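Student: Quick one: this structure, given as structure tokens, is what I'll be asking you about.
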Amino acid sequence: MWPLAAALLLGSVSGGSAQLTFNATKFVEKTICNETVLLPCIVNNLEKKEIKTMYVKWKFKGKDIFTFDGNQSKHYASDDFKSASLGSHLPEGNASLVMNKNDAVPGNYTCEVTEANREGETIVELKYHMVSWFYPKENILIVIFPILAILLSWGQFGIVTLKYKSNCTSEKTIGLIIAGLFLTVIVIVGAILFVPGEYSAKNASGLGLIVIPTVILVLLQYCVFMTAFGMNLFAIGVLILQLLGYILAVIGLSLCITKCSPTQGPLMISGLGIIALAELLGLVYMKFVASNQKTIPPSRKAVEEPLNAFKESKGMMNDE
Ligand SMILES: *[C@@H]1O[C@H](CO)[C@@H](O)[C@H](O)[C@H]1NC(C)=O
Ligand SMILES: *[C@@H]1O[C@H](CO)[C@@H](O)[C@H](O)[C@H]1NC(C)=O
């Protein structure tokens with residue numbers, strides 16, 4: 001009885017002192033945005049803190065994937081983990097493994113560290129975590145605003161063709177229809193490619209197809225104004241507003257399209273929102289103001305009324 005207890009006690013004491021212990025991390029996550037992946041392995045009770053006395057071995061699925069022999073200052077990385085390396089803080093107990101994202105397969109990795117006659121091991125699991133390129137709300141707005149703007153543009157076209165048929169030469173009308181159809185198809189294709197998901201070349205090109213062609217809306221609105229009402233200050237104001245929206249959207253796009261975790265989504269979305277707003281203002285003007293006016297170009301009164309309203313609303317916005 002006594003010898004057994006003594007042996008157990010001795011074993012636990014000697015085992016404790018001969019063991020290296022770790023700041024254990026159960027798992028780390030990698031996302032599509034990680035260029036490199038770090039698997040933490042930190043020993044917290046090294047004694048000598050000399051690289052010469054140390055040996056590090058990383059294992060994956062029972063195979064050695066990386067070893068470092070401090071005595072000979074030599075390391076080995078297996079074929080599937082060619083990019084693996086240790087940082088420079090090994091003497092302080094940091095045996096974390098850094099590797100390229102392509103080598104970092106999810107799974108359980110074992111880190112085994114030896115210092116002279118003491119050793120220990122820890123297991124860290126690498127998990128894959130899906131992250132959406134844009135936030136869900138941003139995804140919705142990015143698709144909704146351009147589609148809304150296109151619908152409004154078709155609405156403008158409808159009003160103009162119904163009310164001012166005689167004034168539209170058929171060539172112009174056909175041109176507008178073709179441009180409108182072209183834009184509609186491109187944006188629908190873009191929206192299909194831009195299904196919410198991780199950052200990818202497909203998503204990025206979808207976003208480009210949604211945002212870049214919206215400049216056609218500015219041209220269409222310009223043509224509609226020119227054809228049916230002639231240029232007036234209200235039209236110019238709306239077109240400038242829309243062009244500004246487009247510039248914002250394109251600047252936002254250029255800041256987002258190469259970023260795995262974009263931060264300028266709101267800038268791009270406000271640009272798209274302004275484009276849709278300008279389209280709405282144009283439509284409202286055509287429907288309720290200009291279309292009551294049978295003479296073309298409209299009389300001064302018809303121009304000034306909406307213009308004053310526009311100025312007032314701008315003034316109110318500035319006052320705030
Ligand atoms: C991936 O990148 C994130 C953000 O830069 C970082 O916090 C995380 O530790 C990285 N994951 C791994 C496994 O290296
Ligand atoms: C890794 O190990 C943990 C704990 O033992 C286990 O729950 C998990 O399923 C393992 N993961 C893989 C990918 O084998």
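Identifiers in this document derive from the order of the structure tokens: chains are assigned A, B, ..., residues are numbered from 1 separately in each chain, and ligands are numbered from 1 in order of occurrence.
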Near Lys52 (chain A), counting only C-alpha atoms, which residues have an atom at most 9 Å away, once you skip same-chain residues fewer than 6 positions from it, shown as a PyMOL selection string?

Tutor: chain A and resi 69-73+115-116

Student: Put those residues in a file: all heavy atoms, as a PDB file, in the first residue's frame.

Tutor:
```pdb
ATOM      1  N   ASP A  69      14.744  21.648 -35.187  1.00  0.00           N
ATOM      2  CA  ASP A  69      15.759  21.127 -34.287  1.00  0.00           C
ATOM      3  C   ASP A  69      16.664  22.289 -33.889  1.00  0.00           C
ATOM      4  O   ASP A  69      17.478  22.755 -34.683  1.00  0.00           O
ATOM      5  CB  ASP A  69      16.548  20.030 -35.017  1.00  0.00           C
ATOM      6  CG  ASP A  69      17.584  19.390 -34.114  1.00  0.00           C
ATOM      7  OD1 ASP A  69      17.905  19.993 -33.069  1.00  0.00           O
ATOM      8  OD2 ASP A  69      18.077  18.301 -34.449  1.00  0.00           O
ATOM      9  N   GLY A  70      16.506  22.768 -32.663  1.00  0.00           N
ATOM     10  CA  GLY A  70      17.257  23.944 -32.212  1.00  0.00           C
ATOM     11  C   GLY A  70      18.746  23.689 -32.122  1.00  0.00           C
ATOM     12  O   GLY A  70      19.559  24.589 -32.369  1.00  0.00           O
ATOM     13  N   ASN A  71      19.091  22.459 -31.777  1.00  0.00           N
ATOM     14  CA  ASN A  71      20.505  22.124 -31.604  1.00  0.00           C
ATOM     15  C   ASN A  71      21.265  22.306 -32.919  1.00  0.00           C
ATOM     16  O   ASN A  71      22.348  22.875 -32.961  1.00  0.00           O
ATOM     17  CB  ASN A  71      20.618  20.685 -31.103  1.00  0.00           C
ATOM     18  CG  ASN A  71      22.025  20.378 -30.649  1.00  0.00           C
ATOM     19  OD1 ASN A  71      22.758  21.290 -30.252  1.00  0.00           O
ATOM     20  ND2 ASN A  71      22.409  19.121 -30.729  1.00  0.00           N
ATOM     21  N   GLN A  72      20.627  21.827 -34.002  1.00  0.00           N
ATOM     22  CA  GLN A  72      21.302  21.945 -35.305  1.00  0.00           C
ATOM     23  C   GLN A  72      20.770  23.146 -36.096  1.00  0.00           C
ATOM     24  O   GLN A  72      21.199  23.369 -37.221  1.00  0.00           O
ATOM     25  CB  GLN A  72      21.061  20.679 -36.116  1.00  0.00           C
ATOM     26  CG  GLN A  72      21.654  19.451 -35.455  1.00  0.00           C
ATOM     27  CD  GLN A  72      21.353  18.185 -36.238  1.00  0.00           C
ATOM     28  OE1 GLN A  72      21.178  18.244 -37.455  1.00  0.00           O
ATOM     29  NE2 GLN A  72      21.280  17.063 -35.556  1.00  0.00           N
ATOM     30  N   SER A  73      19.814  23.837 -35.495  1.00  0.00           N
ATOM     31  CA  SER A  73      19.195  24.983 -36.165  1.00  0.00           C
ATOM     32  C   SER A  73      18.670  24.613 -37.543  1.00  0.00           C
ATOM     33  O   SER A  73      18.916  25.303 -38.528  1.00  0.00           O
ATOM     34  CB  SER A  73      20.208  26.130 -36.244  1.00  0.00           C
ATOM     35  OG  SER A  73      19.533  27.310 -36.583  1.00  0.00           O
ATOM     36  N   GLU A 115      12.195  20.694 -24.298  1.00  0.00           N
ATOM     37  CA  GLU A 115      13.307  21.521 -23.844  1.00  0.00           C
ATOM     38  C   GLU A 115      14.180  20.637 -22.970  1.00  0.00           C
ATOM     39  O   GLU A 115      13.754  20.226 -21.897  1.00  0.00           O
ATOM     40  CB  GLU A 115      12.813  22.727 -23.034  1.00  0.00           C
ATOM     41  CG  GLU A 115      13.955  23.659 -22.635  1.00  0.00           C
ATOM     42  CD  GLU A 115      13.554  24.678 -21.570  1.00  0.00           C
ATOM     43  OE1 GLU A 115      12.811  24.305 -20.646  1.00  0.00           O
ATOM     44  OE2 GLU A 115      13.994  25.831 -21.672  1.00  0.00           O
ATOM     45  N   ALA A 116      15.359  20.347 -23.426  1.00  0.00           N
ATOM     46  CA  ALA A 116      16.242  19.389 -22.752  1.00  0.00           C
ATOM     47  C   ALA A 116      15.461  18.105 -22.489  1.00  0.00           C
ATOM     48  O   ALA A 116      14.975  17.498 -23.434  1.00  0.00           O
ATOM     49  CB  ALA A 116      16.821  19.993 -21.482  1.00  0.00           C
TER      50      ALA A 116
END
```

Student: Could you please write out, as a PyMOL selection string, every residue of region 77-272 of chain A that DSSP assigns to alpha helix (DSSP H)?

Tutor: chain A and resi 136-163+170-193+201-211+215-224+233-256+265-272

Student: Just to be explicit: take each residue in the selection above, keep C-alpha atoms, and write the result as a compact mmCIF listing (two decimals), in the first residue's frame.

Tutor:
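As a result, selection-v3.txt now contains:
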```
# COMPACT_ATOMS: atom_id res chain seq x y z
CA PRO A 136 -26.71 41.40 -45.01
CA LYS A 137 -28.36 44.83 -44.87
CA GLU A 138 -25.74 46.25 -47.22
CA ASN A 139 -26.30 43.37 -49.64
CA ILE A 140 -29.99 44.20 -49.80
CA LEU A 141 -29.46 47.93 -50.39
CA ILE A 142 -26.77 47.34 -53.02
CA VAL A 143 -29.26 45.38 -55.10
CA ILE A 144 -32.45 47.30 -54.23
CA PHE A 145 -31.32 50.83 -55.06
CA PRO A 146 -30.19 50.19 -58.66
CA ILE A 147 -33.23 48.03 -59.41
CA LEU A 148 -35.52 50.69 -57.97
CA ALA A 149 -33.75 53.34 -60.04
CA ILE A 150 -34.19 51.24 -63.19
CA LEU A 151 -37.89 50.74 -62.51
CA LEU A 152 -38.30 54.49 -62.00
CA SER A 153 -36.42 55.08 -65.23
CA TRP A 154 -38.85 52.80 -67.07
CA GLY A 155 -41.63 54.75 -65.38
CA GLN A 156 -40.25 58.01 -66.76
CA PHE A 157 -40.01 56.44 -70.17
CA GLY A 158 -43.62 55.28 -69.93
CA ILE A 159 -44.90 58.73 -68.95
CA VAL A 160 -42.99 60.38 -71.74
CA THR A 161 -44.07 58.00 -74.46
CA LEU A 162 -47.70 58.16 -73.36
CA LYS A 163 -47.93 61.91 -73.02
CA SER A 170 -39.13 56.67 -83.27
CA GLU A 171 -35.38 56.38 -83.61
CA LYS A 172 -34.85 58.12 -80.30
CA THR A 173 -37.48 55.97 -78.65
CA ILE A 174 -35.86 52.80 -79.93
CA GLY A 175 -32.49 54.05 -78.74
CA LEU A 176 -33.86 54.69 -75.28
CA ILE A 177 -35.51 51.27 -75.17
CA ILE A 178 -32.31 49.53 -76.22
CA ALA A 179 -30.23 51.42 -73.65
CA GLY A 180 -32.82 50.72 -70.96
CA LEU A 181 -32.98 47.01 -71.79
CA PHE A 182 -29.20 46.79 -71.91
CA LEU A 183 -28.93 48.37 -68.46
CA THR A 184 -31.70 46.19 -67.03
CA VAL A 185 -30.11 42.98 -68.28
CA ILE A 186 -26.61 43.94 -67.12
CA VAL A 187 -27.78 44.85 -63.63
CA ILE A 188 -29.84 41.65 -63.32
CA VAL A 189 -26.80 39.60 -64.36
CA GLY A 190 -24.73 41.57 -61.86
CA ALA A 191 -27.25 40.93 -59.09
CA ILE A 192 -27.22 37.20 -59.86
CA LEU A 193 -23.41 37.08 -59.71
CA ALA A 201 -13.96 37.21 -58.18
CA LYS A 202 -17.56 36.30 -59.07
CA ASN A 203 -19.05 38.53 -56.37
CA ALA A 204 -16.70 41.35 -57.20
CA SER A 205 -17.53 41.30 -60.90
CA GLY A 206 -21.23 41.14 -60.02
CA LEU A 207 -20.83 44.28 -57.93
CA GLY A 208 -19.00 46.00 -60.77
CA LEU A 209 -21.84 45.09 -63.16
CA ILE A 210 -24.40 46.51 -60.76
CA VAL A 211 -22.65 49.81 -60.05
CA VAL A 215 -24.27 55.90 -65.47
CA ILE A 216 -26.68 54.92 -68.24
CA LEU A 217 -29.50 56.08 -65.96
CA VAL A 218 -28.06 59.58 -65.99
CA LEU A 219 -27.90 59.51 -69.79
CA LEU A 220 -31.43 58.11 -70.06
CA GLN A 221 -32.83 60.72 -67.74
CA TYR A 222 -31.00 63.42 -69.69
CA CYS A 223 -32.48 62.12 -72.96
CA VAL A 224 -35.99 61.94 -71.50
CA LEU A 233 -32.91 74.29 -64.01
CA PHE A 234 -34.84 71.56 -62.26
CA ALA A 235 -33.66 69.01 -64.80
CA ILE A 236 -30.09 70.24 -64.54
CA GLY A 237 -30.25 70.07 -60.73
CA VAL A 238 -31.59 66.52 -60.81
CA LEU A 239 -28.98 65.43 -63.34
CA ILE A 240 -26.13 66.96 -61.36
CA LEU A 241 -27.43 65.28 -58.21
CA GLN A 242 -27.56 61.97 -60.04
CA LEU A 243 -24.09 62.39 -61.46
CA LEU A 244 -22.76 63.15 -57.97
CA GLY A 245 -24.45 59.99 -56.72
CA TYR A 246 -22.78 58.05 -59.50
CA ILE A 247 -19.36 59.48 -58.66
CA LEU A 248 -19.82 58.55 -54.99
CA ALA A 249 -20.93 55.07 -55.93
CA VAL A 250 -17.93 54.52 -58.20
CA ILE A 251 -15.48 55.87 -55.62
CA GLY A 252 -17.07 53.56 -53.03
CA LEU A 253 -16.90 50.68 -55.48
CA SER A 254 -13.22 51.23 -56.19
CA LEU A 255 -12.51 51.23 -52.45
CA CYS A 256 -14.52 48.04 -51.87
CA GLY A 265 -19.80 49.96 -48.32
CA PRO A 266 -21.90 52.83 -46.88
CA LEU A 267 -20.24 55.34 -49.25
CA MET A 268 -21.07 53.22 -52.28
CA ILE A 269 -24.59 52.57 -51.02
CA SER A 270 -25.30 56.25 -50.42
CA GLY A 271 -24.16 56.92 -53.98
CA LEU A 272 -26.59 54.29 -55.25
```

Student: Report the distance between CA of Gly120 (chain A) and CA of Glu47 (chain A) in Å, rounded to one decimal place.

Tutor: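 Separation of CA of Gly120 (chain A) and CA of Glu47 (chain A): 13.4 Å.
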
Student: Work out how far apart CA of Phe68 (chain A) and CA of Asn44 (chain A) are and give it in Å to one decimal.

Tutor: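 These atoms are spaced 18.7 Å apart.
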
Student: For Pro91 (chain A), please output as a list in words all residues within 10 Å (counting only C-alpha atoms; exclusion window: fewer than 3 positions along the same chain).

Tutor: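 Listed by chain and then number, they are Val43, Leu46, Glu47, Lys48, Lys49, Glu50, Ile51, Lys52, Thr53, Met54, Gly70, Ser88, Asn94 and Ala95 of chain A.
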
Student: Which residues are close to Glu35 (chain A), i.e. within 9 Å by only C-alpha atoms, leaving aside same-chain residues fewer than 4 positions away? Reply as a list in words.

Tutor: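 Near neighbours after the sequence-gap exclusion: Met99, Asn100, Lys101 and Asn102 of chain A.
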
Student: Rank A:Tyr285, A:Tyr199, A:Gly62, A:Val105 by their smallest atom-to-atom distance to Thr258 (chain A), using only C-alpha atoms, and report the top residue only.

Tutor: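 Under the stated criterion, the closest residue is A:Tyr199.
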
Student: Please run DSSP on the backbone and report, as number ranges by chain, all residues within region 51-239 of chain A that come out as strand (DSSP E).

Tutor: A: 54-60, 63-69, 74-77, 85-86, 97-100, 107-115, 118-128

Student: In terms of the shortest atom-to-atom distance over only C-alpha atoms and all ligand atoms, which of A:Glu198, A:Asp80, A:Glu279, A:Glu125 is closest to ligand 2?

Tutor: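 Closest residue, counting only C-alpha atoms and all ligand atoms: A:Glu125.
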